[in-house]
$ cat final.tsv   # TSV, C-alpha atoms
chain	number	residue	atom	x	y	z
A	1	MET	CA	30.97	32.97	0.84
A	2	LYS	CA	28.73	34.54	-1.83
A	3	ALA	CA	25.04	35.07	-1.19
A	4	VAL	CA	22.15	36.61	-3.09
A	5	LEU	CA	20.67	39.22	-0.76
A	6	CYS	CA	17.34	40.99	-0.48
A	7	LYS	CA	18.25	44.19	1.37
A	8	GLU	CA	14.98	45.95	0.65
A	9	TYR	CA	11.69	44.61	-0.61
A	10	GLY	CA	11.17	44.96	-4.32
A	11	PRO	CA	11.41	43.26	-7.74
A	12	PRO	CA	14.14	40.75	-8.65
A	13	ASP	CA	16.42	43.49	-9.99
A	14	SER	CA	16.72	44.88	-6.45
A	15	LEU	CA	18.67	41.79	-5.34
A	16	VAL	CA	22.44	42.01	-4.90
A	17	VAL	CA	25.23	39.41	-4.72
A	18	GLU	CA	27.69	40.01	-1.89
A	19	GLU	CA	30.33	38.27	0.18
A	20	ARG	CA	29.09	37.25	3.63
A	21	GLU	CA	30.65	35.53	6.61
A	22	ALA	CA	30.33	31.77	6.54
A	23	PRO	CA	27.55	30.63	8.91
A	24	GLN	CA	28.24	28.67	12.09
A	25	PRO	CA	25.82	26.00	13.32
A	26	ALA	CA	24.13	26.30	16.71
A	27	ARG	CA	22.76	23.34	18.61
A	28	GLY	CA	20.53	21.20	16.39
A	29	GLU	CA	21.67	22.96	13.23
A	30	VAL	CA	23.83	22.09	10.26
A	31	VAL	CA	25.75	24.13	7.70
A	32	LEU	CA	25.36	22.97	4.10
A	33	ALA	CA	27.55	23.59	1.10
A	34	VAL	CA	24.91	24.34	-1.52
A	35	ARG	CA	25.33	22.64	-4.90
A	36	ALA	CA	21.97	23.58	-6.45
A	37	ALA	CA	18.92	25.57	-5.37
A	38	GLY	CA	15.42	25.30	-6.79
A	39	VAL	CA	13.60	28.45	-7.89
A	40	ASN	CA	9.92	28.55	-6.88
A	41	PHE	CA	7.10	31.07	-7.12
A	42	PRO	CA	7.16	31.80	-3.35
A	43	ASP	CA	10.69	33.15	-3.88
A	44	VAL	CA	9.19	35.83	-6.12
A	45	LEU	CA	6.68	36.74	-3.42
A	46	ILE	CA	9.02	36.72	-0.41
A	47	ILE	CA	11.35	39.39	-1.85
A	48	GLN	CA	8.32	41.67	-2.36
A	49	ASN	CA	7.00	41.13	1.20
A	50	LYS	CA	3.96	39.32	-0.24
A	51	TYR	CA	4.56	35.90	1.32
A	52	GLN	CA	3.23	34.55	4.62
A	53	PHE	CA	6.77	34.18	5.98
A	54	LYS	CA	8.55	37.52	6.44
A	55	PRO	CA	12.22	37.06	7.34
A	56	PRO	CA	14.12	40.05	8.71
A	57	LEU	CA	16.14	42.07	6.22
A	58	PRO	CA	18.65	41.40	4.80
A	59	PHE	CA	18.06	37.78	3.80
A	60	SER	CA	18.71	35.40	0.94
A	61	PRO	CA	15.67	34.00	-0.88
A	62	GLY	CA	15.57	30.35	-1.90
A	63	SER	CA	13.39	27.73	-0.26
A	64	GLU	CA	14.91	24.39	-1.33
A	65	LEU	CA	18.34	23.05	-2.13
A	66	ALA	CA	20.56	20.06	-2.64
A	67	GLY	CA	24.06	19.99	-1.24
A	68	VAL	CA	26.61	18.47	1.11
A	69	VAL	CA	26.76	18.68	4.90
A	70	LYS	CA	29.78	20.83	5.80
A	71	GLU	CA	29.45	21.08	9.58
A	72	VAL	CA	27.03	19.92	12.27
A	73	GLY	CA	26.14	21.58	15.55
A	74	ALA	CA	25.86	20.02	18.98
A	75	GLY	CA	23.15	17.40	19.36
A	76	VAL	CA	22.92	16.53	15.65
A	77	THR	CA	23.13	12.76	15.28
A	78	GLY	CA	21.34	11.94	12.03
A	79	PHE	CA	23.81	13.61	9.67
A	80	LYS	CA	27.58	14.05	9.40
A	81	PRO	CA	29.96	16.10	7.24
A	82	GLY	CA	30.07	14.78	3.69
A	83	ASP	CA	26.46	13.55	3.59
A	84	LYS	CA	24.54	14.44	0.43
A	85	VAL	CA	21.16	15.93	1.32
A	86	ILE	CA	18.14	17.88	0.16
A	87	ALA	CA	16.54	20.51	2.37
A	88	PHE	CA	13.50	22.77	2.62
A	89	THR	CA	14.64	26.07	4.13
A	90	THR	CA	11.76	28.54	3.42
A	91	TYR	CA	14.48	31.13	2.64
A	92	GLY	CA	18.28	31.31	2.54
A	93	ALA	CA	19.14	28.77	-0.17
A	94	PHE	CA	20.45	31.25	-2.75
A	95	ALA	CA	23.95	31.21	-1.27
A	96	GLU	CA	27.12	29.15	-1.37
A	97	GLU	CA	26.46	28.00	2.20
A	98	VAL	CA	23.34	27.96	4.34
A	99	LYS	CA	22.59	27.19	7.98
A	100	THR	CA	19.37	25.37	8.83
A	101	GLU	CA	17.81	23.02	11.36
A	102	ALA	CA	18.84	19.39	10.98
A	103	ALA	CA	15.14	18.48	11.05
A	104	ARG	CA	14.76	20.15	7.62
A	105	LEU	CA	17.21	17.75	5.96
A	106	LEU	CA	16.57	14.52	4.08
A	107	PRO	CA	19.11	12.23	2.42
A	108	LEU	CA	19.48	12.82	-1.31
A	109	PRO	CA	17.52	9.93	-2.87
A	110	GLU	CA	19.63	7.17	-4.36
A	111	GLY	CA	20.47	7.80	-8.00
A	112	MET	CA	19.45	11.47	-7.91
A	113	ASP	CA	21.92	14.22	-8.80
A	114	PHE	CA	22.05	17.64	-7.12
A	115	VAL	CA	20.13	19.47	-9.86
A	116	ALA	CA	17.23	17.00	-9.76
A	117	GLY	CA	17.40	17.04	-5.95
A	118	ALA	CA	16.96	20.81	-5.88
A	119	ALA	CA	13.84	20.41	-8.04
A	120	PHE	CA	12.25	17.60	-6.04
A	121	LEU	CA	11.26	18.25	-2.46
A	122	LEU	CA	8.96	21.28	-2.57
A	123	THR	CA	7.13	20.49	-5.81
A	124	TYR	CA	6.61	16.77	-5.29
A	125	GLY	CA	6.06	17.14	-1.55
A	126	THR	CA	3.37	19.78	-2.11
A	127	SER	CA	1.61	17.78	-4.81
A	128	ASP	CA	1.71	14.50	-2.88
A	129	HIS	CA	0.31	16.15	0.27
A	130	ALA	CA	-2.37	17.81	-1.85
A	131	LEU	CA	-3.51	14.80	-3.85
A	132	ARG	CA	-3.15	11.87	-1.44
A	133	ASP	CA	-3.69	13.54	1.94
A	134	ARG	CA	-5.95	16.52	1.33
A	135	GLY	CA	-7.68	15.46	-1.88
A	136	ALA	CA	-7.92	11.70	-1.23
A	137	LEU	CA	-7.51	11.10	-4.98
A	138	ARG	CA	-8.38	7.52	-5.90
A	139	ALA	CA	-7.74	5.27	-8.86
A	140	GLY	CA	-10.33	5.77	-11.56
A	141	GLU	CA	-11.12	9.36	-10.61
A	142	THR	CA	-10.50	12.34	-12.88
A	143	LEU	CA	-7.96	15.01	-11.85
A	144	LEU	CA	-7.87	18.48	-13.41
A	145	VAL	CA	-4.52	20.30	-13.02
A	146	LEU	CA	-4.43	24.06	-13.53
A	147	GLY	CA	-1.04	25.65	-14.30
A	148	ALA	CA	0.00	22.14	-15.25
A	149	ALA	CA	3.32	23.03	-16.94
A	150	GLY	CA	4.80	24.53	-13.77
A	151	GLY	CA	6.86	22.58	-11.25
A	152	VAL	CA	4.02	21.60	-8.93
A	153	GLY	CA	1.71	21.07	-11.90
A	154	LEU	CA	3.97	18.52	-13.59
A	155	ALA	CA	4.48	16.83	-10.22
A	156	ALA	CA	0.69	16.63	-9.81
A	157	ILE	CA	0.33	15.02	-13.24
A	158	GLU	CA	2.90	12.33	-12.43
A	159	ILE	CA	1.51	11.63	-8.95
A	160	GLY	CA	-2.04	11.53	-10.31
A	161	LYS	CA	-0.97	8.90	-12.84
A	162	ALA	CA	0.91	6.95	-10.16
A	163	LEU	CA	-2.36	6.83	-8.19
A	164	GLY	CA	-4.30	5.55	-11.20
A	165	ALA	CA	-6.29	8.70	-11.97
A	166	ARG	CA	-7.17	10.13	-15.36
A	167	VAL	CA	-5.36	13.48	-15.63
A	168	ILE	CA	-6.50	16.53	-17.59
A	169	ALA	CA	-3.76	19.17	-17.80
A	170	CYS	CA	-4.48	22.87	-18.35
A	171	ALA	CA	-1.96	25.46	-19.50
A	172	SER	CA	-1.79	28.62	-21.58
A	173	SER	CA	0.16	27.49	-24.66
A	174	GLU	CA	0.62	24.46	-26.88
A	175	ASP	CA	4.33	24.10	-26.06
A	176	LYS	CA	3.49	23.94	-22.35
A	177	LEU	CA	0.80	21.34	-23.01
A	178	ALA	CA	3.29	19.26	-24.98
A	179	VAL	CA	5.46	19.05	-21.84
A	180	CYS	CA	2.37	17.99	-19.86
A	181	ARG	CA	1.71	15.15	-22.28
A	182	GLU	CA	5.36	14.05	-22.01
A	183	HIS	CA	4.81	13.69	-18.25
A	184	GLY	CA	1.69	11.57	-18.62
A	185	ALA	CA	-1.35	13.84	-19.07
A	186	ASP	CA	-4.24	11.94	-20.68
A	187	ALA	CA	-5.90	15.07	-22.10
A	188	THR	CA	-5.08	18.77	-22.28
A	189	ILE	CA	-6.86	22.12	-22.32
A	190	ASN	CA	-5.39	25.37	-23.61
A	191	TYR	CA	-7.34	27.79	-21.43
A	192	ALA	CA	-5.98	30.77	-23.33
A	193	ALA	CA	-7.71	29.54	-26.49
A	194	GLU	CA	-10.55	27.30	-25.29
A	195	ASP	CA	-13.53	27.72	-22.99
A	196	LEU	CA	-12.45	25.87	-19.86
A	197	ARG	CA	-15.90	24.74	-18.71
A	198	GLU	CA	-17.06	23.62	-22.14
A	199	ARG	CA	-13.86	21.68	-22.75
A	200	ILE	CA	-14.14	19.95	-19.36
A	201	LYS	CA	-17.75	18.98	-20.16
A	202	SER	CA	-16.61	17.55	-23.47
A	203	LEU	CA	-13.75	15.56	-21.96
A	204	THR	CA	-15.88	14.14	-19.11
A	205	ASP	CA	-19.16	13.55	-21.02
A	206	GLY	CA	-20.76	16.23	-18.87
A	207	ARG	CA	-19.95	14.53	-15.55
A	208	GLY	CA	-17.22	16.92	-14.40
A	209	VAL	CA	-13.96	16.22	-12.58
A	210	ASP	CA	-13.42	14.72	-9.14
A	211	VAL	CA	-10.43	16.76	-8.01
A	212	VAL	CA	-9.09	20.15	-9.13
A	213	TYR	CA	-5.45	20.95	-8.33
A	214	ASP	CA	-5.24	24.77	-8.35
A	215	PRO	CA	-1.90	26.53	-7.84
A	216	VAL	CA	-3.03	29.44	-10.02
A	217	GLY	CA	-6.09	31.18	-8.58
A	218	GLY	CA	-7.35	34.13	-10.61
A	219	PRO	CA	-10.15	33.76	-13.17
A	220	TYR	CA	-9.91	30.00	-13.69
A	221	SER	CA	-10.71	28.88	-10.15
A	222	GLU	CA	-14.44	29.52	-10.32
A	223	ALA	CA	-14.80	27.89	-13.72
A	224	ALA	CA	-12.97	24.83	-12.39
A	225	PHE	CA	-15.09	24.79	-9.20
A	226	ARG	CA	-18.25	24.90	-11.31
A	227	SER	CA	-16.89	21.91	-13.25
A	228	LEU	CA	-16.61	19.62	-10.24
A	229	ALA	CA	-18.59	16.40	-10.15
A	230	TRP	CA	-20.71	15.42	-7.13
A	231	ARG	CA	-18.46	15.19	-4.02
A	232	GLY	CA	-15.66	16.90	-5.92
A	233	ARG	CA	-12.71	18.57	-4.20
A	234	LEU	CA	-10.96	21.79	-5.20
A	235	LEU	CA	-7.44	21.97	-3.76
A	236	VAL	CA	-6.27	25.51	-2.99
A	237	VAL	CA	-2.50	25.32	-3.56
A	238	GLY	CA	-1.51	28.88	-4.46
A	239	PHE	CA	-2.21	32.06	-6.40
A	240	ALA	CA	0.37	32.32	-9.19
A	241	ALA	CA	-2.06	34.46	-11.20
A	242	GLY	CA	-1.84	37.09	-8.47
A	243	ASP	CA	-5.55	37.42	-7.70
A	244	ILE	CA	-7.18	35.51	-4.85
A	245	PRO	CA	-10.58	34.39	-6.19
A	246	LYS	CA	-13.85	34.83	-4.31
A	247	LEU	CA	-15.93	31.71	-4.89
A	248	PRO	CA	-19.74	31.50	-4.51
A	249	LEU	CA	-20.13	29.06	-1.62
A	250	ASN	CA	-23.55	27.91	-2.82
A	251	LEU	CA	-21.62	25.87	-5.41
A	252	ALA	CA	-20.14	23.75	-2.63
A	253	LEU	CA	-23.64	23.11	-1.28
A	254	LEU	CA	-25.18	22.21	-4.63
A	255	LYS	CA	-22.38	19.82	-5.58
A	256	GLY	CA	-21.67	18.35	-2.16
A	257	ALA	CA	-18.18	19.65	-2.91
A	258	SER	CA	-15.21	20.54	-0.74
A	259	LEU	CA	-12.85	23.50	-0.86
A	260	VAL	CA	-9.60	22.20	0.65
A	261	GLY	CA	-6.56	24.21	1.69
A	262	VAL	CA	-3.05	22.88	1.02
A	263	PHE	CA	-0.19	24.31	3.11
A	264	TRP	CA	2.72	21.91	2.72
A	265	GLY	CA	5.20	23.91	4.80
A	266	ASP	CA	3.08	23.75	7.94
A	267	PHE	CA	2.09	20.15	7.21
A	268	ALA	CA	5.78	19.17	7.19
A	269	ARG	CA	6.30	20.95	10.52
A	270	ARG	CA	3.10	19.92	12.32
A	271	GLU	CA	2.75	16.32	11.15
A	272	PRO	CA	6.27	14.85	10.90
A	273	LYS	CA	5.14	11.20	10.76
A	274	LEU	CA	2.83	11.79	7.81
A	275	PHE	CA	5.49	13.97	6.18
A	276	ALA	CA	8.06	11.18	6.52
A	277	GLU	CA	5.62	8.70	4.96
A	278	SER	CA	5.02	11.09	2.07
A	279	ILE	CA	8.76	11.41	1.41
A	280	ARG	CA	9.17	7.62	1.62
A	281	GLN	CA	6.44	7.13	-1.00
A	282	LEU	CA	7.91	9.79	-3.27
A	283	GLY	CA	11.34	8.17	-3.05
A	284	GLN	CA	9.84	4.81	-3.96
A	285	TRP	CA	8.02	6.27	-6.98
A	286	TYR	CA	11.23	8.00	-8.06
A	287	ARG	CA	13.19	4.74	-7.93
A	288	GLU	CA	10.43	3.08	-9.94
A	289	GLY	CA	10.77	5.73	-12.63
A	290	LYS	CA	7.28	7.18	-12.08
A	291	LEU	CA	8.56	10.64	-11.09
A	292	ARG	CA	10.86	12.60	-13.41
A	293	PRO	CA	11.73	16.12	-12.22
A	294	HIS	CA	11.61	18.41	-15.25
A	295	VAL	CA	14.39	21.00	-15.06
A	296	SER	CA	13.94	23.26	-18.06
A	297	GLN	CA	16.92	25.50	-17.35
A	298	THR	CA	19.89	25.93	-15.01
A	299	LEU	CA	21.55	29.27	-14.27
A	300	PRO	CA	24.52	30.20	-12.05
A	301	LEU	CA	23.83	31.62	-8.61
A	302	GLU	CA	24.83	35.11	-9.75
A	303	LYS	CA	21.86	35.14	-12.15
A	304	ALA	CA	19.23	34.64	-9.44
A	305	ALA	CA	17.48	37.89	-10.40
A	306	GLU	CA	17.15	36.71	-14.01
A	307	ALA	CA	15.74	33.38	-12.79
A	308	LEU	CA	13.15	35.09	-10.61
A	309	LYS	CA	12.09	37.37	-13.47
A	310	LEU	CA	11.48	34.30	-15.64
A	311	MET	CA	9.44	32.76	-12.82
A	312	ALA	CA	7.40	35.94	-12.29
A	313	ALA	CA	6.66	36.11	-16.03
A	314	ARG	CA	5.55	32.43	-15.99
A	315	GLN	CA	8.10	31.55	-18.63
A	316	VAL	CA	9.34	28.44	-16.85
A	317	LYS	CA	8.19	24.94	-17.77
A	318	GLY	CA	8.82	22.58	-14.88
A	319	LYS	CA	11.61	23.85	-12.65
A	320	LEU	CA	14.46	26.33	-12.93
A	321	VAL	CA	17.54	25.59	-10.82
A	322	LEU	CA	20.48	27.76	-9.73
A	323	THR	CA	23.83	25.96	-9.61
A	324	VAL	CA	26.62	26.84	-7.20
$ encode --input "final.tsv" --output "structure tokens"
Amino acid sequence: MKAVLCKEYGPPDSLVVEEREAPQPARGEVVLAVRAAGVNFPDVLIIQNKYQFKPPLPFSPGSELAGVVKEVGAGVTGFKPGDKVIAFTTYGAFAEEVKTEAARLLPLPEGMDFVAGAAFLLTYGTSDHALRDRGALRAGETLLVLGAAGGVGLAAIEIGKALGARVIACASSEDKLAVCREHGADATINYAAEDLRERIKSLTDGRGVDVVYDPVGGPYSEAAFRSLAWRGRLLVVGFAAGDIPKLPLNLALLKGASLVGVFWGDFARREPKLFAESIRQLGQWYREGKLRPHVSQTLPLEKAAEALKLMAARQVKGKLVLTV
């Protein structure tokens, strides 16, 4: 089988595509025939040894996929060969076949194709955990989404609207903001051309926002934190800008505000009942037409390096998917 391999840490161009032996499942594991794999920002980090998970070299990047169960190991009862599934693997998905624990599999939602399935689990799972569980977003509140045209950002817009919130989407260009409006954003801010704090004041009549969804970090986090209303919550989702901001903690005191960490991968592992409920709710919203995964581009597996370069340059609106 073909696999995209990281043999040494470095930029996307250091990846190679090679033939590997087909994996064999151990007890509790399954082997999947990959049909599509989602490309996410952590994939850019993991090949540079900048991610919290550090798999041994060589490894294939790729943290989520949609495919078909090829073989099951001993003790696996919930799935059988031929089942269509989605899976969160942390790494390994950029290959024609992948071995993973059966506990990481979920049935492909009814009516969803493989490309949409590869763009669903990580982005919508992260945003649902962030907004409903960690942020306790309620109907009538105002949600500010930074990096709103990315995969998790668009998911946050749609989930925010499903919860009855007013959503303000922030991005760096007008074409990105147009995509945000297509996915339900009530108002938009171009933070490359507008003063973020002043625009938030204008859009909220000076009150501020209740929840900030921040997958970006960098220079916008503090401005967003300063724009929180009383009892506001800033959700720390990631650092796509590269810089981890240092926030003045007196702001939390003065606003009665909360700085809340969001780590979906560990949530899924540590709290399986809540994770299952989250996936159930997401599936229901998808069937109701409230969630629409936005796949802006598909590329063949062999062009994984090109896909990761586009992701690193923040030139992807929604999700980019590799097809196998």
$ closest_residue --input "final.tsv" --among "A:Ser278, A:Ser60, A:Thr126, A:Ser258" --to "Glu96 (chain A)" --atoms "only C-alpha atoms"
A:Ser60
$ atom_distance --input "final.tsv" --atom1 "CA of Thr123 (chain A)" --atom2 "CA of Lys319 (chain A)"
8.8 Å
$ closest_residue --input "final.tsv" --among "A:Tyr191, A:Leu144, A:Cys170, A:Ser227" --to "Gly206 (chain A)" --atoms "only C-alpha atoms"
A:Ser227
$ atom_distance --input "final.tsv" --atom1 "CA of Arg233 (chain A)" --atom2 "CA of Glu277 (chain A)"
22.7 Å
$ closest_residue --input "final.tsv" --among "A:Lys255, A:Lys246, A:Arg181, A:Lys54" --to "Gly208 (chain A)" --atoms "all atoms listed in the file"
A:Lys255
$ residues_around --input "final.tsv" --residues "Ala139 (chain A)" --least-positions-apart "4" --cutoff "12 Å" --atoms "all atoms listed in the file" --output "list of chain:residue names"
A:Leu131, A:Arg132, A:Leu143, A:Ile159, A:Gly160, A:Lys161, A:Ala162, A:Leu163, A:Gly164, A:Ala165, A:Arg166, A:Val167, A:Asp210, A:Val211
$ closest_residue --input "final.tsv" --among "A:Cys6, A:Ala252, A:Ala178, A:Val31" --to "Lys317 (chain A)" --atoms "all atoms listed in the file"
A:Ala178
$ closest_residue --input "final.tsv" --among "A:Val76, A:Ile46, A:Ala156, A:Leu15" --to "Gly125 (chain A)" --atoms "all atoms listed in the file"
A:Ala156
$ closest_residue --input "final.tsv" --among "A:Met112, A:Leu259, A:Val30, A:Val98" --to "Val72 (chain A)" --atoms "all atoms listed in the file"
A:Val30
$ atom_distance --input "final.tsv" --atom1 "CA of Pro248 (chain A)" --atom2 "CA of Ala312 (chain A)"
28.6 Å
$ residues_around --input "final.tsv" --residues "Asp266 (chain A)" --least-positions-apart "6" --cutoff "12 Å" --atoms "all atoms listed in the file" --output "list in words"
Gln52, Phe53, Phe88, Thr90, Gly125, Thr126, His129, Pro272, Leu274 and Phe275 of chain A
$ residues_near_point --input "final.tsv" --point "(26.0, 17.0, 12.9)" --cutoff "12 Å" --atoms "only C-alpha atoms" --output "ChimeraX atom specification"
/A:24-32,68-83,99-103,105
$ write_last_selection --input "final.tsv" --atoms "C-alpha atoms" --output "PDB file, in the frame of the given file"
ATOM      1  CA  GLN A  24      28.240  28.670  12.090  1.00  0.00           C
ATOM      2  CA  PRO A  25      25.820  26.000  13.320  1.00  0.00           C
ATOM      3  CA  ALA A  26      24.130  26.300  16.710  1.00  0.00           C
ATOM      4  CA  ARG A  27      22.760  23.340  18.610  1.00  0.00           C
ATOM      5  CA  GLY A  28      20.530  21.200  16.390  1.00  0.00           C
ATOM      6  CA  GLU A  29      21.670  22.960  13.230  1.00  0.00           C
ATOM      7  CA  VAL A  30      23.830  22.090  10.260  1.00  0.00           C
ATOM      8  CA  VAL A  31      25.750  24.130   7.700  1.00  0.00           C
ATOM      9  CA  LEU A  32      25.360  22.970   4.100  1.00  0.00           C
ATOM     10  CA  VAL A  68      26.610  18.470   1.110  1.00  0.00           C
ATOM     11  CA  VAL A  69      26.760  18.680   4.900  1.00  0.00           C
ATOM     12  CA  LYS A  70      29.780  20.830   5.800  1.00  0.00           C
ATOM     13  CA  GLU A  71      29.450  21.080   9.580  1.00  0.00           C
ATOM     14  CA  VAL A  72      27.030  19.920  12.270  1.00  0.00           C
ATOM     15  CA  GLY A  73      26.140  21.580  15.550  1.00  0.00           C
ATOM     16  CA  ALA A  74      25.860  20.020  18.980  1.00  0.00           C
ATOM     17  CA  GLY A  75      23.150  17.400  19.360  1.00  0.00           C
ATOM     18  CA  VAL A  76      22.920  16.530  15.650  1.00  0.00           C
ATOM     19  CA  THR A  77      23.130  12.760  15.280  1.00  0.00           C
ATOM     20  CA  GLY A  78      21.340  11.940  12.030  1.00  0.00           C
ATOM     21  CA  PHE A  79      23.810  13.610   9.670  1.00  0.00           C
ATOM     22  CA  LYS A  80      27.580  14.050   9.400  1.00  0.00           C
ATOM     23  CA  PRO A  81      29.960  16.100   7.240  1.00  0.00           C
ATOM     24  CA  GLY A  82      30.070  14.780   3.690  1.00  0.00           C
ATOM     25  CA  ASP A  83      26.460  13.550   3.590  1.00  0.00           C
ATOM     26  CA  LYS A  99      22.590  27.190   7.980  1.00  0.00           C
ATOM     27  CA  THR A 100      19.370  25.370   8.830  1.00  0.00           C
ATOM     28  CA  GLU A 101      17.810  23.020  11.360  1.00  0.00           C
ATOM     29  CA  ALA A 102      18.840  19.390  10.980  1.00  0.00           C
ATOM     30  CA  ALA A 103      15.140  18.480  11.050  1.00  0.00           C
ATOM     31  CA  LEU A 105      17.210  17.750   5.960  1.00  0.00           C
TER      32      LEU A 105
END
$ residues_around --input "final.tsv" --residues "Cys180 (chain A)" --least-positions-apart "4" --cutoff "10 Å" --atoms "all atoms listed in the file" --output "ChimeraX atom specification"
/A:145,148-150,153-155,157-158,167-171,174-176,184-188,317-318
$ write_last_selection --input "final.tsv" --atoms "C-alpha atoms" --output "JSON list (two decimals), in the frame of the given file"
[["chain", "number", "residue", "atom", "x", "y", "z"],
["A", 145, "VAL", "CA", -4.52, 20.30, -13.02],
["A", 148, "ALA", "CA", 0.00, 22.14, -15.25],
["A", 149, "ALA", "CA", 3.32, 23.03, -16.94],
["A", 150, "GLY", "CA", 4.80, 24.53, -13.77],
["A", 153, "GLY", "CA", 1.71, 21.07, -11.90],
["A", 154, "LEU", "CA", 3.97, 18.52, -13.59],
["A", 155, "ALA", "CA", 4.48, 16.83, -10.22],
["A", 157, "ILE", "CA", 0.33, 15.02, -13.24],
["A", 158, "GLU", "CA", 2.90, 12.33, -12.43],
["A", 167, "VAL", "CA", -5.36, 13.48, -15.63],
["A", 168, "ILE", "CA", -6.50, 16.53, -17.59],
["A", 169, "ALA", "CA", -3.76, 19.17, -17.80],
["A", 170, "CYS", "CA", -4.48, 22.87, -18.35],
["A", 171, "ALA", "CA", -1.96, 25.46, -19.50],
["A", 174, "GLU", "CA", 0.62, 24.46, -26.88],
["A", 175, "ASP", "CA", 4.33, 24.10, -26.06],
["A", 176, "LYS", "CA", 3.49, 23.94, -22.35],
["A", 184, "GLY", "CA", 1.69, 11.57, -18.62],
["A", 185, "ALA", "CA", -1.35, 13.84, -19.07],
["A", 186, "ASP", "CA", -4.24, 11.94, -20.68],
["A", 187, "ALA", "CA", -5.90, 15.07, -22.10],
["A", 188, "THR", "CA", -5.08, 18.77, -22.28],
["A", 317, "LYS", "CA", 8.19, 24.94, -17.77],
["A", 318, "GLY", "CA", 8.82, 22.58, -14.88]]
$ residues_around --input "final.tsv" --residues "region 299-305 of chain A" --least-positions-apart "6" --cutoff "12 Å" --atoms "only C-alpha atoms" --output "number ranges by chain"
A: 1-6, 10-19, 34-40, 43-44, 47, 60-62, 93-97, 115, 311-312, 319-324
$ residues_around --input "final.tsv" --residues "Phe120 (chain A)" --least-positions-apart "2" --cutoff "10 Å" --atoms "only C-alpha atoms" --output "PDB file with C-alpha atoms, in the coordinates of the input"
ATOM      1  CA  GLY A  38      15.420  25.300  -6.790  1.00  0.00           C
ATOM      2  CA  GLU A  64      14.910  24.390  -1.330  1.00  0.00           C
ATOM      3  CA  LEU A  65      18.340  23.050  -2.130  1.00  0.00           C
ATOM      4  CA  ALA A  66      20.560  20.060  -2.640  1.00  0.00           C
ATOM      5  CA  ILE A  86      18.140  17.880   0.160  1.00  0.00           C
ATOM      6  CA  ALA A  87      16.540  20.510   2.370  1.00  0.00           C
ATOM      7  CA  LEU A 108      19.480  12.820  -1.310  1.00  0.00           C
ATOM      8  CA  PRO A 109      17.520   9.930  -2.870  1.00  0.00           C
ATOM      9  CA  MET A 112      19.450  11.470  -7.910  1.00  0.00           C
ATOM     10  CA  PHE A 114      22.050  17.640  -7.120  1.00  0.00           C
ATOM     11  CA  VAL A 115      20.130  19.470  -9.860  1.00  0.00           C
ATOM     12  CA  ALA A 116      17.230  17.000  -9.760  1.00  0.00           C
ATOM     13  CA  GLY A 117      17.400  17.040  -5.950  1.00  0.00           C
ATOM     14  CA  ALA A 118      16.960  20.810  -5.880  1.00  0.00           C
ATOM     15  CA  LEU A 122       8.960  21.280  -2.570  1.00  0.00           C
ATOM     16  CA  THR A 123       7.130  20.490  -5.810  1.00  0.00           C
ATOM     17  CA  TYR A 124       6.610  16.770  -5.290  1.00  0.00           C
ATOM     18  CA  GLY A 125       6.060  17.140  -1.550  1.00  0.00           C
ATOM     19  CA  THR A 126       3.370  19.780  -2.110  1.00  0.00           C
ATOM     20  CA  GLY A 151       6.860  22.580 -11.250  1.00  0.00           C
ATOM     21  CA  VAL A 152       4.020  21.600  -8.930  1.00  0.00           C
ATOM     22  CA  ALA A 155       4.480  16.830 -10.220  1.00  0.00           C
ATOM     23  CA  LEU A 282       7.910   9.790  -3.270  1.00  0.00           C
ATOM     24  CA  GLY A 283      11.340   8.170  -3.050  1.00  0.00           C
ATOM     25  CA  TYR A 286      11.230   8.000  -8.060  1.00  0.00           C
ATOM     26  CA  LEU A 291       8.560  10.640 -11.090  1.00  0.00           C
ATOM     27  CA  ARG A 292      10.860  12.600 -13.410  1.00  0.00           C
ATOM     28  CA  PRO A 293      11.730  16.120 -12.220  1.00  0.00           C
ATOM     29  CA  HIS A 294      11.610  18.410 -15.250  1.00  0.00           C
ATOM     30  CA  VAL A 295      14.390  21.000 -15.060  1.00  0.00           C
ATOM     31  CA  LYS A 319      11.610  23.850 -12.650  1.00  0.00           C
TER      32      LYS A 319
END
$ build_atoms --input "final.tsv" --residues "region 286-292 of chain A" --atoms "N, CA and C atoms" --output "mmCIF file, in the frame of the given file"
data_model
loop_
_atom_site.group_PDB
_atom_site.id
_atom_site.type_symbol
_atom_site.label_atom_id
_atom_site.label_comp_id
_atom_site.auth_asym_id
_atom_site.auth_seq_id
_atom_site.Cartn_x
_atom_site.Cartn_y
_atom_site.Cartn_z
ATOM 1 N N TYR A 286 10.080 7.536 -7.285
ATOM 2 C CA TYR A 286 11.230 8.000 -8.060
ATOM 3 C C TYR A 286 12.094 6.824 -8.502
ATOM 4 N N ARG A 287 12.370 5.906 -7.579
ATOM 5 C CA ARG A 287 13.190 4.740 -7.930
ATOM 6 C C ARG A 287 12.512 3.861 -8.963
ATOM 7 N N GLU A 288 11.186 3.860 -8.965
ATOM 8 C CA GLU A 288 10.430 3.080 -9.940
ATOM 9 C C GLU A 288 10.302 3.778 -11.287
ATOM 10 N N GLY A 289 10.815 5.006 -11.383
ATOM 11 C CA GLY A 289 10.770 5.730 -12.630
ATOM 12 C C GLY A 289 9.449 6.442 -12.903
ATOM 13 N N LYS A 290 8.584 6.539 -11.895
ATOM 14 C CA LYS A 290 7.280 7.180 -12.080
ATOM 15 C C LYS A 290 7.339 8.698 -11.920
ATOM 16 N N LEU A 291 8.386 9.202 -11.286
ATOM 17 C CA LEU A 291 8.560 10.640 -11.090
ATOM 18 C C LEU A 291 9.832 11.080 -11.793
ATOM 19 N N ARG A 292 9.718 12.116 -12.626
ATOM 20 C CA ARG A 292 10.860 12.600 -13.410
ATOM 21 C C ARG A 292 10.918 14.121 -13.322
#
